[in-house]
file coords.csv (CSV, C-alpha atoms and all ligand atoms)
chain,number,residue,atom,x,y,z
Z,1,MET,CA,33.3,-55.9,-2.3
Z,2,SER,CA,32.3,-52.6,-3.9
Z,3,ASP,CA,35.0,-50.7,-5.9
Z,4,LYS,CA,34.1,-47.4,-4.3
Z,5,LYS,CA,37.1,-46.0,-2.5
Z,6,ILE,CA,36.5,-44.0,0.7
Z,7,ILE,CA,38.4,-42.2,3.4
Z,8,ILE,CA,38.3,-43.8,6.8
Z,9,ALA,CA,39.1,-41.7,9.9
Z,10,VAL,CA,39.9,-43.6,13.2
Z,11,ASP,CA,40.3,-41.2,16.1
Z,12,GLY,CA,40.6,-41.8,19.8
Z,13,TYR,CA,42.6,-41.7,22.9
Z,14,SER,CA,46.3,-42.7,23.1
Z,15,SER,CA,46.9,-46.4,23.4
Z,16,SER,CA,43.2,-47.2,22.7
Z,17,GLY,CA,44.5,-49.8,20.1
Z,18,LYS,CA,43.3,-47.6,17.3
Z,19,SER,CA,46.6,-47.8,15.3
Z,20,SER,CA,46.6,-51.6,15.3
Z,21,MET,CA,42.9,-51.8,14.3
Z,22,ALA,CA,43.3,-49.1,11.6
Z,23,ARG,CA,46.4,-51.0,10.2
Z,24,ALA,CA,44.5,-54.3,10.2
Z,25,LEU,CA,41.5,-52.8,8.5
Z,26,ALA,CA,43.7,-51.2,5.8
Z,27,SER,CA,45.5,-54.4,5.1
Z,28,ALA,CA,42.2,-56.4,5.0
Z,29,ILE,CA,40.6,-54.0,2.4
Z,30,GLY,CA,43.8,-53.1,0.5
Z,31,TYR,CA,43.9,-49.5,1.6
Z,32,ARG,CA,46.8,-47.3,2.5
Z,33,TYR,CA,47.3,-46.8,6.3
Z,34,ILE,CA,48.7,-43.5,7.7
Z,35,ASP,CA,49.6,-43.1,11.4
Z,36,SER,CA,49.2,-39.4,11.9
Z,37,GLY,CA,50.5,-39.6,15.5
Z,38,ALA,CA,53.8,-40.9,14.0
Z,39,MET,CA,54.1,-37.6,12.2
Z,40,TYR,CA,53.8,-35.6,15.4
Z,41,ARG,CA,56.3,-37.9,17.0
Z,42,ALA,CA,58.8,-37.4,14.2
Z,43,VAL,CA,58.6,-33.6,14.5
Z,44,THR,CA,59.1,-34.0,18.3
Z,45,LEU,CA,62.1,-36.2,17.8
Z,46,TRP,CA,63.6,-33.7,15.3
Z,47,ALA,CA,63.1,-30.9,17.8
Z,48,MET,CA,64.6,-32.9,20.7
Z,49,ARG,CA,67.7,-33.8,18.5
Z,50,HIS,CA,68.1,-30.1,17.7
Z,51,GLY,CA,68.0,-29.0,21.4
Z,52,MET,CA,64.6,-27.3,21.1
Z,53,VAL,CA,63.0,-29.3,23.9
Z,54,GLU,CA,64.3,-28.7,27.5
Z,55,SER,CA,62.5,-30.3,30.4
Z,56,GLY,CA,59.3,-30.5,28.6
Z,57,ASN,CA,59.5,-26.9,27.3
Z,58,VAL,CA,59.6,-26.4,23.5
Z,59,ASP,CA,61.3,-23.5,21.8
Z,60,VAL,CA,58.3,-22.8,19.7
Z,61,ASP,CA,59.8,-19.9,17.6
Z,62,ALA,CA,62.8,-21.9,16.7
Z,63,LEU,CA,60.8,-25.0,15.8
Z,64,VAL,CA,58.3,-23.1,13.7
Z,65,MET,CA,61.2,-21.4,11.8
Z,66,ALA,CA,62.7,-24.8,11.2
Z,67,LEU,CA,59.5,-26.6,10.0
Z,68,PRO,CA,60.5,-26.4,6.2
Z,69,GLU,CA,63.6,-28.4,7.0
Z,70,ILE,CA,61.5,-31.3,8.4
Z,71,ARG,CA,60.4,-33.9,5.8
Z,72,ILE,CA,58.2,-36.8,6.9
Z,73,ASN,CA,57.1,-39.7,4.9
Z,74,PHE,CA,56.3,-43.4,5.2
Z,75,ARG,CA,58.2,-46.3,3.6
Z,76,PRO,CA,56.7,-49.8,3.2
Z,77,ASN,CA,59.0,-52.6,4.5
Z,78,PRO,CA,59.3,-56.0,2.8
Z,79,ASP,CA,57.6,-57.7,5.9
Z,80,GLY,CA,54.4,-55.6,5.3
Z,81,THR,CA,55.0,-53.1,8.1
Z,82,GLN,CA,55.8,-49.5,7.4
Z,83,SER,CA,58.5,-47.2,8.7
Z,84,THR,CA,58.2,-43.5,9.5
Z,85,MET,CA,60.9,-41.6,7.7
Z,86,LEU,CA,62.3,-38.4,9.0
Z,87,ASN,CA,64.4,-36.6,6.4
Z,88,ASP,CA,65.0,-40.1,4.8
Z,89,GLU,CA,66.0,-41.7,8.0
Z,90,ASP,CA,64.0,-44.6,9.4
Z,91,VAL,CA,62.9,-43.4,12.9
Z,92,GLU,CA,60.1,-45.9,13.5
Z,93,SER,CA,61.6,-47.3,16.8
Z,94,GLU,CA,63.0,-44.1,18.0
Z,95,ILE,CA,59.7,-42.2,17.9
Z,96,ARG,CA,58.1,-44.8,20.2
Z,97,ARG,CA,60.5,-44.1,23.1
Z,98,MET,CA,59.1,-42.7,26.3
Z,99,GLU,CA,61.0,-39.4,26.0
Z,100,VAL,CA,59.3,-38.7,22.8
Z,101,SER,CA,55.9,-39.7,24.2
Z,102,ASN,CA,56.5,-37.4,27.1
Z,103,ASN,CA,57.2,-34.4,24.8
Z,104,VAL,CA,54.9,-35.0,21.9
Z,105,SER,CA,51.7,-33.3,23.3
Z,106,GLN,CA,53.7,-30.1,23.8
Z,107,VAL,CA,54.7,-30.1,20.1
Z,108,ALA,CA,51.2,-31.1,18.9
Z,109,VAL,CA,49.7,-28.0,20.5
Z,110,ILE,CA,51.7,-25.7,18.2
Z,111,PRO,CA,49.3,-24.4,15.6
Z,112,GLU,CA,51.9,-24.0,12.9
Z,113,VAL,CA,53.0,-27.7,13.4
Z,114,ARG,CA,49.4,-28.8,13.1
Z,115,HIS,CA,48.7,-26.8,10.0
Z,116,ARG,CA,51.7,-28.2,8.3
Z,117,LEU,CA,51.0,-31.8,9.2
Z,118,VAL,CA,47.3,-31.5,8.5
Z,119,ALA,CA,48.1,-30.3,4.9
Z,120,LEU,CA,50.4,-33.3,4.5
Z,121,GLN,CA,47.8,-35.6,5.8
Z,122,GLN,CA,45.2,-34.2,3.4
Z,123,ASP,CA,47.7,-34.8,0.5
Z,124,PHE,CA,47.9,-38.5,1.5
Z,125,GLY,CA,44.1,-38.7,1.2
Z,126,ARG,CA,43.7,-37.1,-2.2
Z,127,GLU,CA,43.2,-40.4,-4.0
Z,128,LYS,CA,41.0,-41.8,-1.2
Z,129,GLY,CA,41.4,-45.5,-0.3
Z,130,ILE,CA,43.1,-44.5,2.9
Z,131,VAL,CA,42.7,-45.4,6.6
Z,132,MET,CA,44.2,-42.7,8.9
Z,133,ASP,CA,44.3,-42.7,12.6
Z,134,GLY,CA,44.8,-39.9,15.0
Z,135,ARG,CA,42.9,-37.3,17.2
Z,136,ASP,CA,41.4,-34.9,14.7
Z,137,ILE,CA,41.1,-36.9,11.5
Z,138,GLY,CA,37.3,-37.0,11.5
Z,139,THR,CA,36.9,-33.4,12.8
Z,140,THR,CA,39.7,-31.4,11.0
Z,141,VAL,CA,41.7,-33.4,8.5
Z,142,PHE,CA,38.9,-35.1,6.7
Z,143,PRO,CA,35.6,-33.7,8.0
Z,144,ASP,CA,33.9,-35.3,5.0
Z,145,ALA,CA,35.3,-38.8,5.5
Z,146,GLU,CA,32.7,-41.4,4.6
Z,147,MET,CA,33.6,-43.6,7.6
Z,148,LYS,CA,34.5,-42.2,11.1
Z,149,VAL,CA,35.2,-44.2,14.1
Z,150,PHE,CA,36.0,-42.9,17.6
Z,151,VAL,CA,37.8,-45.4,19.8
Z,152,SER,CA,37.6,-45.2,23.5
Z,153,ALA,CA,38.7,-47.4,26.5
Z,154,SER,CA,39.5,-46.6,30.2
Z,155,PRO,CA,42.9,-45.0,31.0
Z,156,ARG,CA,43.9,-48.1,33.0
Z,157,THR,CA,43.1,-50.5,30.2
Z,158,ARG,CA,45.0,-48.3,27.8
Z,159,ALA,CA,48.0,-48.0,30.1
Z,160,GLU,CA,48.1,-51.8,30.5
Z,161,ARG,CA,48.2,-52.2,26.8
Z,162,ARG,CA,50.8,-49.6,26.3
Z,163,TYR,CA,53.0,-51.0,29.1
Z,164,LYS,CA,52.8,-54.5,27.6
Z,165,GLU,CA,53.7,-53.1,24.1
Z,166,LEU,CA,56.7,-51.3,25.5
Z,167,ILE,CA,58.0,-54.2,27.5
Z,168,ASP,CA,57.5,-56.6,24.5
Z,169,LYS,CA,59.6,-54.2,22.4
Z,170,GLY,CA,62.3,-54.1,25.1
Z,171,VAL,CA,61.6,-50.4,25.9
Z,172,PRO,CA,62.3,-49.7,29.6
Z,173,ALA,CA,59.2,-48.4,31.4
Z,174,THR,CA,57.2,-48.8,34.7
Z,175,PHE,CA,53.4,-49.2,34.7
Z,176,GLU,CA,53.0,-46.1,36.9
Z,177,GLU,CA,54.9,-43.8,34.5
Z,178,VAL,CA,52.9,-45.2,31.5
Z,179,LEU,CA,49.6,-44.6,33.3
Z,180,GLU,CA,50.7,-41.1,34.3
Z,181,ASN,CA,51.7,-40.4,30.7
Z,182,VAL,CA,48.4,-41.7,29.3
Z,183,VAL,CA,46.4,-39.5,31.8
Z,184,LYS,CA,48.5,-36.4,31.1
Z,185,ARG,CA,48.3,-36.8,27.3
Z,186,ASP,CA,44.5,-37.3,27.5
Z,187,HIS,CA,44.3,-34.0,29.3
Z,188,ILE,CA,46.5,-32.0,27.0
Z,189,ASP,CA,44.9,-33.6,23.9
Z,190,GLU,CA,41.4,-32.8,25.1
Z,191,THR,CA,42.0,-29.3,26.3
Z,192,ARG,CA,44.3,-27.8,23.7
Z,193,GLU,CA,42.9,-24.9,21.7
Z,194,GLU,CA,43.8,-26.1,18.2
Z,195,SER,CA,41.9,-29.2,17.1
Z,196,PRO,CA,41.3,-30.8,20.5
Z,197,LEU,CA,40.6,-34.5,20.7
Z,198,ARG,CA,36.8,-34.7,20.3
Z,199,LYS,CA,34.4,-37.1,18.8
Z,200,ALA,CA,33.0,-35.9,15.4
Z,201,ASP,CA,29.2,-35.6,15.6
Z,202,ASP,CA,28.9,-38.2,12.9
Z,203,ALA,CA,31.5,-40.7,14.2
Z,204,THR,CA,30.5,-44.1,15.5
Z,205,VAL,CA,31.9,-44.9,19.0
Z,206,LEU,CA,33.8,-48.1,19.6
Z,207,ASP,CA,34.5,-48.8,23.3
Z,208,ASN,CA,36.9,-51.7,23.1
Z,209,SER,CA,37.7,-52.1,26.8
Z,210,GLU,CA,36.0,-55.6,26.8
Z,211,MET,CA,36.7,-56.6,23.2
Z,212,SER,CA,39.3,-58.9,21.7
Z,213,VAL,CA,41.4,-57.8,18.8
Z,214,GLY,CA,39.5,-60.2,16.5
Z,215,GLU,CA,36.2,-58.8,17.6
Z,216,GLN,CA,37.3,-55.2,17.0
Z,217,ASN,CA,38.6,-56.1,13.5
Z,218,GLU,CA,35.3,-57.8,12.7
Z,219,TRP,CA,33.3,-54.8,14.0
Z,220,LEU,CA,35.3,-52.4,11.8
Z,221,LEU,CA,35.1,-54.6,8.7
Z,222,SER,CA,31.4,-54.9,9.0
Z,223,LEU,CA,31.0,-51.1,9.5
Z,224,PHE,CA,33.1,-50.6,6.4
Z,225,ASN,CA,31.1,-53.1,4.3
Z,226,SER,CA,27.8,-51.5,5.4
Z,227,ILE,CA,29.1,-48.1,4.2
Z,228,VAL,CA,30.6,-49.1,0.9
Z,229,ASN,CA,27.6,-51.3,0.0
Z,230,ALA,CA,25.0,-48.7,1.1
Z,231,ASP,CA,24.4,-47.1,-2.3
T,301,LIG,O1,48.7,-41.7,18.6
T,301,LIG,P1,50.0,-41.4,19.2
T,301,LIG,O2,50.0,-41.6,20.7
T,301,LIG,O3,51.2,-41.9,18.6
T,301,LIG,O4,50.1,-39.8,19.1
T,301,LIG,C1,51.2,-39.0,19.6
T,301,LIG,C2,50.7,-37.7,20.0
T,301,LIG,O5,50.4,-36.9,18.8
T,301,LIG,C3,49.5,-37.6,20.9
T,301,LIG,O6,49.9,-37.1,22.2
T,301,LIG,C4,48.6,-36.6,20.3
T,301,LIG,C5,49.2,-36.1,19.0
T,301,LIG,N1,48.4,-36.3,17.9
T,301,LIG,C6,47.6,-35.2,17.5
T,301,LIG,O7,47.6,-34.2,18.2
T,301,LIG,N2,46.8,-35.3,16.4
T,301,LIG,C7,46.8,-36.4,15.6
T,301,LIG,N3,46.1,-36.5,14.6
T,301,LIG,C8,47.6,-37.5,16.0
T,301,LIG,C9,48.4,-37.4,17.2
call {"tool": "encode", "arguments": {"input": "coords.csv", "output": "structure tokens"}}
result
Amino acid sequence: MSDKKIIIAVDGYSSSGKSSMARALASAIGYRYIDSGAMYRAVTLWAMRHGMVESGNVDVDALVMALPEIRINFRPNPDGTQSTMLNDEDVESEIRRMEVSNNVSQVAVIPEVRHRLVALQQDFGREKGIVMDGRDIGTTVFPDAEMKVFVSASPRTRAERRYKELIDKGVPATFEEVLENVVKRDHIDETREESPLRKADDATVLDNSEMSVGEQNEWLLSLFNSIVNAD
């Protein structure tokens, strides 16, 4: 393998499996993995805990004022997984709850939240050797990333995956509410003014509706190898 370290941006729809494949790629090539969605979820959880989210409405002014108080980081665990840390508290499971999923898009549309998190994400990428997944990584966070992938799959396929994931984790949910959440988040993510979900012109599309996890991982690894060995 070449020693050249690059930045890898994996963008796509919610529950497209992009986090699992980005994590698997990072581990296979010895890169750091950053889940940018977890950062938006952590800010959302903080806002919910501080009474700034009522029936889906966010108190934008209060949250923007409080942003300097919110510290987000990632901590590696002994079992190889990593935890999202919110002001030094491990919130990895809590940020995956449906209540957080239902509110996160409303927090992610706030320009000040995005600016702050994008700056933090860019800091993580300073040394390269990073795989980051999200919605705007290839377009806004790292427009010069050497490898960009845009992952897509049908809403139903994604809802099925997300539902199974939640049930396996013991999180209560119905398939209908998961599907509804997926469709609603797609809409908000695609139509927001600030950094909408959009394929970067130079990203390679991966539609994984019919692919196994092993096939996806192989596909990504071979794209990576072709990029780092190109020159
Ligand atoms: O990938 P995820 O479902 O955990 O992301 C949670 C939310 O955060 C999702 O609704 C969109 C938002 N998000 C974003 O706006 N930009 C990113 N780079 C990552 C996530």
call {"tool": "residues_near_point", "arguments": {"input": "coords.csv", "point": "(47.2, -31.1, 26.2)", "cutoff": "10 Å", "atoms": "all atoms listed in the file", "output": "PDB file with C-alpha atoms, in the frame of the given file"}}
result
ATOM      1  CA  VAL Z 104      54.900 -35.000  21.900  1.00  0.00           C
ATOM      2  CA  SER Z 105      51.700 -33.300  23.300  1.00  0.00           C
ATOM      3  CA  GLN Z 106      53.700 -30.100  23.800  1.00  0.00           C
ATOM      4  CA  VAL Z 107      54.700 -30.100  20.100  1.00  0.00           C
ATOM      5  CA  ALA Z 108      51.200 -31.100  18.900  1.00  0.00           C
ATOM      6  CA  VAL Z 109      49.700 -28.000  20.500  1.00  0.00           C
ATOM      7  CA  LYS Z 184      48.500 -36.400  31.100  1.00  0.00           C
ATOM      8  CA  ARG Z 185      48.300 -36.800  27.300  1.00  0.00           C
ATOM      9  CA  ASP Z 186      44.500 -37.300  27.500  1.00  0.00           C
ATOM     10  CA  HIS Z 187      44.300 -34.000  29.300  1.00  0.00           C
ATOM     11  CA  ILE Z 188      46.500 -32.000  27.000  1.00  0.00           C
ATOM     12  CA  ASP Z 189      44.900 -33.600  23.900  1.00  0.00           C
ATOM     13  CA  GLU Z 190      41.400 -32.800  25.100  1.00  0.00           C
ATOM     14  CA  THR Z 191      42.000 -29.300  26.300  1.00  0.00           C
ATOM     15  CA  ARG Z 192      44.300 -27.800  23.700  1.00  0.00           C
ATOM     16  CA  GLU Z 193      42.900 -24.900  21.700  1.00  0.00           C
ATOM     17  CA  PRO Z 196      41.300 -30.800  20.500  1.00  0.00           C
ATOM     18  CA  LEU Z 197      40.600 -34.500  20.700  1.00  0.00           C
TER      19      LEU Z 197
END
call {"tool": "closest_residue", "arguments": {"input": "coords.csv", "among": "Z:Glu112, Z:Glu94, Z:Glu215, Z:Glu194", "to": "ligand LIG 301 (chain T)", "atoms": "only C-alpha atoms and all ligand atoms"}}
result
Z:Glu194
call {"tool": "atom_distance", "arguments": {"input": "coords.csv", "atom1": "atom CA of Ala200 of chain Z", "atom2": "atom CA of Val141 of chain Z"}}
result
11.4 Å
call {"tool": "residues_near_point", "arguments": {"input": "coords.csv", "point": "(64.7, -34.2, 16.4)", "cutoff": "12 Å", "atoms": "all atoms listed in the file", "output": "PyMOL selection string"}}
result
chain Z and resi 39-53+58+63+66-67+69-72+86-87+89+91+94-95+99-100+103-104+107
call {"tool": "residues_around", "arguments": {"input": "coords.csv", "residues": "segment 17-21 of chain Z", "least_positions_apart": "2", "cutoff": "7 Å", "atoms": "all atoms listed in the file", "output": "list in words"}}
result
Val10, Gly12, Ser15, Arg23, Ala24, Leu25, Asp35, Asp133, Val151 and Asn217 of chain Z
call {"tool": "closest_residue", "arguments": {"input": "coords.csv", "among": "Z:Lys199, Z:Arg126, Z:Lys148, Z:Arg114", "to": "ligand LIG 301 (chain T)", "atoms": "only C-alpha atoms and all ligand atoms"}}
result
Z:Arg114
call {"tool": "atom_distance", "arguments": {"input": "coords.csv", "atom1": "atom CA of Ser152 of chain Z", "atom2": "atom CA of Ser222 of chain Z"}}
result
18.5 Å
call {"tool": "closest_residue", "arguments": {"input": "coords.csv", "among": "Z:Ile34, Z:Leu120, Z:Met65, Z:Ile137", "to": "ligand LIG 301 (chain T)", "atoms": "only C-alpha atoms and all ligand atoms"}}
result
Z:Ile137
call {"tool": "closest_residue", "arguments": {"input": "coords.csv", "among": "Z:Pro76, Z:Pro68, Z:Gly138, Z:Gly170", "to": "Arg198 of chain Z", "atoms": "all atoms listed in the file"}}
result
Z:Gly138
call {"tool": "atom_distance", "arguments": {"input": "coords.csv", "atom1": "atom CA of Lys128 of chain Z", "atom2": "atom CA of Lys5 of chain Z"}}
result
5.9 Å
call {"tool": "closest_residue", "arguments": {"input": "coords.csv", "among": "Z:Ser226, Z:Thr157, Z:Gln82, Z:Asn181", "to": "ligand LIG 301 (chain T)", "atoms": "only C-alpha atoms and all ligand atoms"}}
result
Z:Asn181
call {"tool": "decode", "arguments": {"input": "coords.csv", "residues": "segment 67-168 of chain Z", "atoms": "C-alpha atoms", "output": "PDB file, in the first residue's frame"}}
result
ATOM      1  CA  LEU Z  67     -22.660  26.891  21.417  1.00  0.00           C
ATOM      2  CA  PRO Z  68     -19.336  27.759  23.133  1.00  0.00           C
ATOM      3  CA  GLU Z  69     -20.430  25.588  26.087  1.00  0.00           C
ATOM      4  CA  ILE Z  70     -20.838  22.486  23.911  1.00  0.00           C
ATOM      5  CA  ARG Z  71     -17.681  20.420  23.516  1.00  0.00           C
ATOM      6  CA  ILE Z  72     -17.719  17.383  21.269  1.00  0.00           C
ATOM      7  CA  ASN Z  73     -15.022  14.796  20.807  1.00  0.00           C
ATOM      8  CA  PHE Z  74     -14.538  11.108  20.083  1.00  0.00           C
ATOM      9  CA  ARG Z  75     -12.960   8.559  22.408  1.00  0.00           C
ATOM     10  CA  PRO Z  76     -11.669   5.185  21.253  1.00  0.00           C
ATOM     11  CA  ASN Z  77     -12.921   2.229  23.290  1.00  0.00           C
ATOM     12  CA  PRO Z  78     -10.846  -0.864  24.122  1.00  0.00           C
ATOM     13  CA  ASP Z  79     -13.093  -3.014  21.873  1.00  0.00           C
ATOM     14  CA  GLY Z  80     -12.180  -0.959  18.790  1.00  0.00           C
ATOM     15  CA  THR Z  81     -15.419   1.045  18.673  1.00  0.00           C
ATOM     16  CA  GLN Z  82     -15.492   4.738  19.464  1.00  0.00           C
ATOM     17  CA  SER Z  83     -17.759   6.838  21.603  1.00  0.00           C
ATOM     18  CA  THR Z  84     -19.095  10.297  20.949  1.00  0.00           C
ATOM     19  CA  MET Z  85     -18.258  12.501  23.934  1.00  0.00           C
ATOM     20  CA  LEU Z  86     -20.411  15.476  24.884  1.00  0.00           C
ATOM     21  CA  ASN Z  87     -18.637  17.642  27.463  1.00  0.00           C
ATOM     22  CA  ASP Z  88     -16.663  14.524  28.495  1.00  0.00           C
ATOM     23  CA  GLU Z  89     -19.773  12.326  28.858  1.00  0.00           C
ATOM     24  CA  ASP Z  90     -20.162   9.232  26.692  1.00  0.00           C
ATOM     25  CA  VAL Z  91     -23.450   9.843  24.821  1.00  0.00           C
ATOM     26  CA  GLU Z  92     -22.944   7.247  22.083  1.00  0.00           C
ATOM     27  CA  SER Z  93     -26.165   5.310  22.812  1.00  0.00           C
ATOM     28  CA  GLU Z  94     -28.273   8.279  23.771  1.00  0.00           C
ATOM     29  CA  ILE Z  95     -27.663  10.173  20.515  1.00  0.00           C
ATOM     30  CA  ARG Z  96     -29.082   7.196  18.526  1.00  0.00           C
ATOM     31  CA  ARG Z  97     -32.528   7.414  20.198  1.00  0.00           C
ATOM     32  CA  MET Z  98     -35.559   8.169  18.004  1.00  0.00           C
ATOM     33  CA  GLU Z  99     -36.256  11.444  19.853  1.00  0.00           C
ATOM     34  CA  VAL Z 100     -32.834  12.683  18.837  1.00  0.00           C
ATOM     35  CA  SER Z 101     -33.302  11.422  15.239  1.00  0.00           C
ATOM     36  CA  ASN Z 102     -36.610  13.281  15.091  1.00  0.00           C
ATOM     37  CA  ASN Z 103     -35.077  16.611  16.127  1.00  0.00           C
ATOM     38  CA  VAL Z 104     -31.609  16.523  14.596  1.00  0.00           C
ATOM     39  CA  SER Z 105     -32.511  17.883  11.143  1.00  0.00           C
ATOM     40  CA  GLN Z 106     -33.976  21.016  12.743  1.00  0.00           C
ATOM     41  CA  VAL Z 107     -30.709  21.601  14.594  1.00  0.00           C
ATOM     42  CA  ALA Z 108     -28.593  20.796  11.529  1.00  0.00           C
ATOM     43  CA  VAL Z 109     -30.256  23.585   9.506  1.00  0.00           C
ATOM     44  CA  ILE Z 110     -28.931  26.288  11.849  1.00  0.00           C
ATOM     45  CA  PRO Z 111     -26.039  28.028  10.045  1.00  0.00           C
ATOM     46  CA  GLU Z 112     -24.115  28.839  13.262  1.00  0.00           C
ATOM     47  CA  VAL Z 113     -24.263  25.190  14.332  1.00  0.00           C
ATOM     48  CA  ARG Z 114     -22.996  24.100  10.934  1.00  0.00           C
ATOM     49  CA  HIS Z 115     -20.156  26.643  10.897  1.00  0.00           C
ATOM     50  CA  ARG Z 116     -18.957  25.518  14.285  1.00  0.00           C
ATOM     51  CA  LEU Z 117     -19.116  21.813  13.495  1.00  0.00           C
ATOM     52  CA  VAL Z 118     -17.583  22.217  10.034  1.00  0.00           C
ATOM     53  CA  ALA Z 119     -14.597  24.046  11.599  1.00  0.00           C
ATOM     54  CA  LEU Z 120     -14.189  21.213  14.114  1.00  0.00           C
ATOM     55  CA  GLN Z 121     -14.430  18.620  11.325  1.00  0.00           C
ATOM     56  CA  GLN Z 122     -11.798  20.446   9.298  1.00  0.00           C
ATOM     57  CA  ASP Z 123      -9.498  20.368  12.355  1.00  0.00           C
ATOM     58  CA  PHE Z 124      -9.862  16.578  12.505  1.00  0.00           C
ATOM     59  CA  GLY Z 125      -8.701  16.411   8.887  1.00  0.00           C
ATOM     60  CA  ARG Z 126      -5.563  18.532   9.242  1.00  0.00           C
ATOM     61  CA  GLU Z 127      -3.222  15.560   9.313  1.00  0.00           C
ATOM     62  CA  LYS Z 128      -5.134  13.672   6.580  1.00  0.00           C
ATOM     63  CA  GLY Z 129      -5.456   9.903   6.975  1.00  0.00           C
ATOM     64  CA  ILE Z 130      -9.125  10.307   7.796  1.00  0.00           C
ATOM     65  CA  VAL Z 131     -12.462   8.866   6.667  1.00  0.00           C
ATOM     66  CA  MET Z 132     -15.395  11.138   7.473  1.00  0.00           C
ATOM     67  CA  ASP Z 133     -19.006  10.426   6.710  1.00  0.00           C
ATOM     68  CA  GLY Z 134     -21.937  12.839   6.564  1.00  0.00           C
ATOM     69  CA  ARG Z 135     -23.955  14.940   4.149  1.00  0.00           C
ATOM     70  CA  ASP Z 136     -21.675  17.798   3.122  1.00  0.00           C
ATOM     71  CA  ILE Z 137     -18.199  16.372   3.610  1.00  0.00           C
ATOM     72  CA  GLY Z 138     -17.284  16.251  -0.096  1.00  0.00           C
ATOM     73  CA  THR Z 139     -19.012  19.553  -0.900  1.00  0.00           C
ATOM     74  CA  THR Z 140     -18.340  21.855   2.085  1.00  0.00           C
ATOM     75  CA  VAL Z 141     -16.062  20.331   4.727  1.00  0.00           C
ATOM     76  CA  PHE Z 142     -13.389  18.879   2.427  1.00  0.00           C
ATOM     77  CA  PRO Z 143     -14.098  20.061  -1.137  1.00  0.00           C
ATOM     78  CA  ASP Z 144     -10.526  19.002  -2.021  1.00  0.00           C
ATOM     79  CA  ALA Z 145     -10.806  15.480  -0.597  1.00  0.00           C
ATOM     80  CA  GLU Z 146      -8.890  13.033  -2.781  1.00  0.00           C
ATOM     81  CA  MET Z 147     -11.628  10.394  -2.551  1.00  0.00           C
ATOM     82  CA  LYS Z 148     -15.350  11.190  -2.506  1.00  0.00           C
ATOM     83  CA  VAL Z 149     -18.143   8.675  -2.395  1.00  0.00           C
ATOM     84  CA  PHE Z 150     -21.868   9.380  -2.491  1.00  0.00           C
ATOM     85  CA  VAL Z 151     -23.943   6.509  -1.110  1.00  0.00           C
ATOM     86  CA  SER Z 152     -27.528   6.044  -2.126  1.00  0.00           C
ATOM     87  CA  ALA Z 153     -30.266   3.427  -1.618  1.00  0.00           C
ATOM     88  CA  SER Z 154     -34.074   3.496  -1.751  1.00  0.00           C
ATOM     89  CA  PRO Z 155     -35.922   4.957   1.299  1.00  0.00           C
ATOM     90  CA  ARG Z 156     -37.564   1.589   1.997  1.00  0.00           C
ATOM     91  CA  THR Z 157     -34.254  -0.293   1.959  1.00  0.00           C
ATOM     92  CA  ARG Z 158     -32.755   2.295   4.280  1.00  0.00           C
ATOM     93  CA  ALA Z 159     -35.745   2.238   6.646  1.00  0.00           C
ATOM     94  CA  GLU Z 160     -35.540  -1.575   6.815  1.00  0.00           C
ATOM     95  CA  ARG Z 161     -31.878  -1.378   7.772  1.00  0.00           C
ATOM     96  CA  ARG Z 162     -32.443   1.328  10.356  1.00  0.00           C
ATOM     97  CA  TYR Z 163     -35.386  -0.522  11.865  1.00  0.00           C
ATOM     98  CA  LYS Z 164     -33.353  -3.701  12.227  1.00  0.00           C
ATOM     99  CA  GLU Z 165     -30.476  -1.744  13.754  1.00  0.00           C
ATOM    100  CA  LEU Z 166     -32.755  -0.136  16.348  1.00  0.00           C
ATOM    101  CA  ILE Z 167     -34.471  -3.401  17.245  1.00  0.00           C
ATOM    102  CA  ASP Z 168     -31.100  -5.175  17.549  1.00  0.00           C
TER     103      ASP Z 168
END
